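Working notes, structure below.
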Amino acid sequence: MIIMNKRYAIGFLVLLVIIVGCYNLIQGILKTSNSVSSEYGEKFNPERASKGIPLIEEDWSVQELKNNYIIWGNDSPFLTTVKPIHYYKESQFLSDRIISERDVFHYETETEMAFRLSCEYSFETDSVVFTFIKYYKESYPPTISFKVNNFFADSIFYNWNINKYYHTGRDVSYAP
C-alpha cells in the first residue's frame, strides 16, 4: 500500500512539474510576442520610413499574433471598396528579431477581376521582392502570380494612386 502511494506521489509530482513547465513556457512565449508587437508596431514606423517600407496604418490593429509572425490590418474582415488599398502587413521574426515584412496592396475592379501587389522586404539582405497577383473574385487559386521588378511595382503604385514607393520611400507626387 505504501509503495502504491509513493508511485502515485511521484507520478503526481512529475505531472505537476510538467504542467508548471508548460505554463512558464507559454507565459514566456506570450510575453515575447507582446513585447515584439509593441517594439515593431507603430513605434518602428520611423525605421520603416527610412528604408522606404510602407508604414503600419494608424487605424490598424494586430489581426494575428504568433511567436514568429504578426499580421496588422484593418479591423474589417472583408474588402468593401474598389479603391486600391494597403490591405495588410505581415512581420516575420526569428526569436525576437525582425527578419522580414510583407505588405499587400489590393485593388478590385467593378468587374470580376482583382489584383494584389505583394512587397516583401528582407531586413537581413536589405532587399525587396515584388509579386503581382491577378485573380477572379471568389476564385482560388489566383489566375496569375509572378515576380515583378521595381519599375513595374512603381508603375502599379502610381496607377493605383498609392502614396507609397516601397523601395525608395518617395512620395508618388515625385513620380517620373
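Lettering and numbering for the C-alpha cells are positional, with chains as A, B, ... in the shown order, residues counted from 1 in each chain, and ligands counted from 1 in the shown order.
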- Item | Nearby residues (only C-alpha atoms) at most 6 Å from stretch 89-97 of chain A, same-chain spacing under 3 positions excluded, as a PyMOL selection string | chain A and resi 68-72+100-103
Hey, can you spit out that residue selection with N, CA and C atoms as a tab-separated table (two decimals), in the first residue's frame?
chain	number	residue	atom	x	y	z
A	68	ASN	N	6.32	33.75	-34.18
A	68	ASN	CA	7.25	34.04	-35.28
A	68	ASN	C	6.68	35.00	-36.33
A	69	TYR	N	5.47	35.49	-36.15
A	69	TYR	CA	4.93	36.49	-37.07
A	69	TYR	C	3.78	37.26	-36.43
A	70	ILE	N	3.56	38.46	-36.99
A	70	ILE	CA	2.44	39.31	-36.59
A	70	ILE	C	1.81	39.84	-37.86
A	71	ILE	N	0.48	39.86	-37.90
A	71	ILE	CA	-0.23	40.45	-39.03
A	71	ILE	C	-1.02	41.65	-38.52
A	72	TRP	N	-0.78	42.80	-39.15
A	72	TRP	CA	-1.52	44.02	-38.86
A	72	TRP	C	-2.46	44.30	-40.01
A	100	SER	N	11.82	40.05	-41.74
A	100	SER	CA	11.20	40.49	-43.00
A	100	SER	C	9.81	41.06	-42.73
A	101	GLU	N	9.34	41.83	-43.72
A	101	GLU	CA	7.97	42.33	-43.70
A	101	GLU	C	7.39	42.19	-45.09
A	102	ARG	N	6.13	41.80	-45.11
A	102	ARG	CA	5.43	41.70	-46.39
A	102	ARG	C	4.20	42.60	-46.32
A	103	ASP	N	4.12	43.51	-47.28
A	103	ASP	CA	2.97	44.40	-47.39
A	103	ASP	C	2.16	43.98	-48.61
Please report as JSON lines every residue of stretch 111-138 of chain A lying within 12 Å of stretch 45-49 of chain A, along with the nearest atom pair and their distance in Å (one decimal), using only C-alpha atoms.
{"residue": "A:Tyr121", "atom": "CA", "partner": "A:Arg48", "partner_atom": "CA", "distance": 10.1}
{"residue": "A:Ser122", "atom": "CA", "partner": "A:Arg48", "partner_atom": "CA", "distance": 11.7}
{"residue": "A:Phe123", "atom": "CA", "partner": "A:Arg48", "partner_atom": "CA", "distance": 10.2}
{"residue": "A:Asp126", "atom": "CA", "partner": "A:Arg48", "partner_atom": "CA", "distance": 11.7}
- Message: I'd like the interatomic distance between atom CA of A:Ser50 and atom CA of A:Val62, to a tenth of an Å.
- Response: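 Atom CA of A:Val62 lies 22.6 Å from atom CA of A:Ser50.
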- Item | Straight-line distance linking atom CA of A:Ile56 with atom CA of A:Cys119, stated in Å to one decimal |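 These atoms are spaced 13.9 Å apart.
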- Which residue gives the smallest distance to A:Ser155 among A:Leu117, A:Gly73, A:Ile98, A:Ser139, with only C-alpha atoms counted? A:Leu117
- Task: Return as a list in words the full set of residues in stretch 62-99 of chain A whose backbone-based DSSP assignment is strand (DSSP E or B).
- Result: Val62, Gln63, Glu64, Leu65, Tyr69, Ile70, Ile71, Trp72, Gly73, Ile85, His86, Tyr87, Tyr88, Lys89, Glu90, Ser91, Gln92, Phe93, Leu94, Arg97, Ile98 and Ile99 of chain A
May I have the residues from that selection written out with C-alpha atoms, as a JSON list (two decimals), in the first residue's frame?
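Final output, saved to result29.json:
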[["chain", "number", "residue", "atom", "x", "y", "z"],
["A", 62, "VAL", "CA", -2.94, 43.31, -34.61],
["A", 63, "GLN", "CA", -5.03, 40.76, -36.51],
["A", 64, "GLU", "CA", -2.95, 37.68, -35.70],
["A", 65, "LEU", "CA", -0.07, 37.21, -33.27],
["A", 69, "TYR", "CA", 4.93, 36.49, -37.07],
["A", 70, "ILE", "CA", 2.44, 39.31, -36.59],
["A", 71, "ILE", "CA", -0.23, 40.45, -39.03],
["A", 72, "TRP", "CA", -1.52, 44.02, -38.86],
["A", 73, "GLY", "CA", -4.54, 45.23, -40.76],
["A", 85, "ILE", "CA", -5.71, 49.99, -50.52],
["A", 86, "HIS", "CA", -2.80, 48.92, -48.35],
["A", 87, "TYR", "CA", -4.53, 45.72, -47.24],
["A", 88, "TYR", "CA", -2.24, 44.29, -44.55],
["A", 89, "LYS", "CA", 1.32, 43.92, -43.27],
["A", 90, "GLU", "CA", 2.94, 40.72, -42.04],
["A", 91, "SER", "CA", 6.15, 40.89, -40.00],
["A", 92, "GLN", "CA", 8.29, 37.76, -39.63],
["A", 93, "PHE", "CA", 10.57, 37.19, -36.63],
["A", 94, "LEU", "CA", 13.42, 34.93, -35.63],
["A", 97, "ARG", "CA", 14.40, 39.96, -34.08],
["A", 98, "ILE", "CA", 12.53, 41.14, -37.17],
["A", 99, "ILE", "CA", 13.76, 39.47, -40.36]]
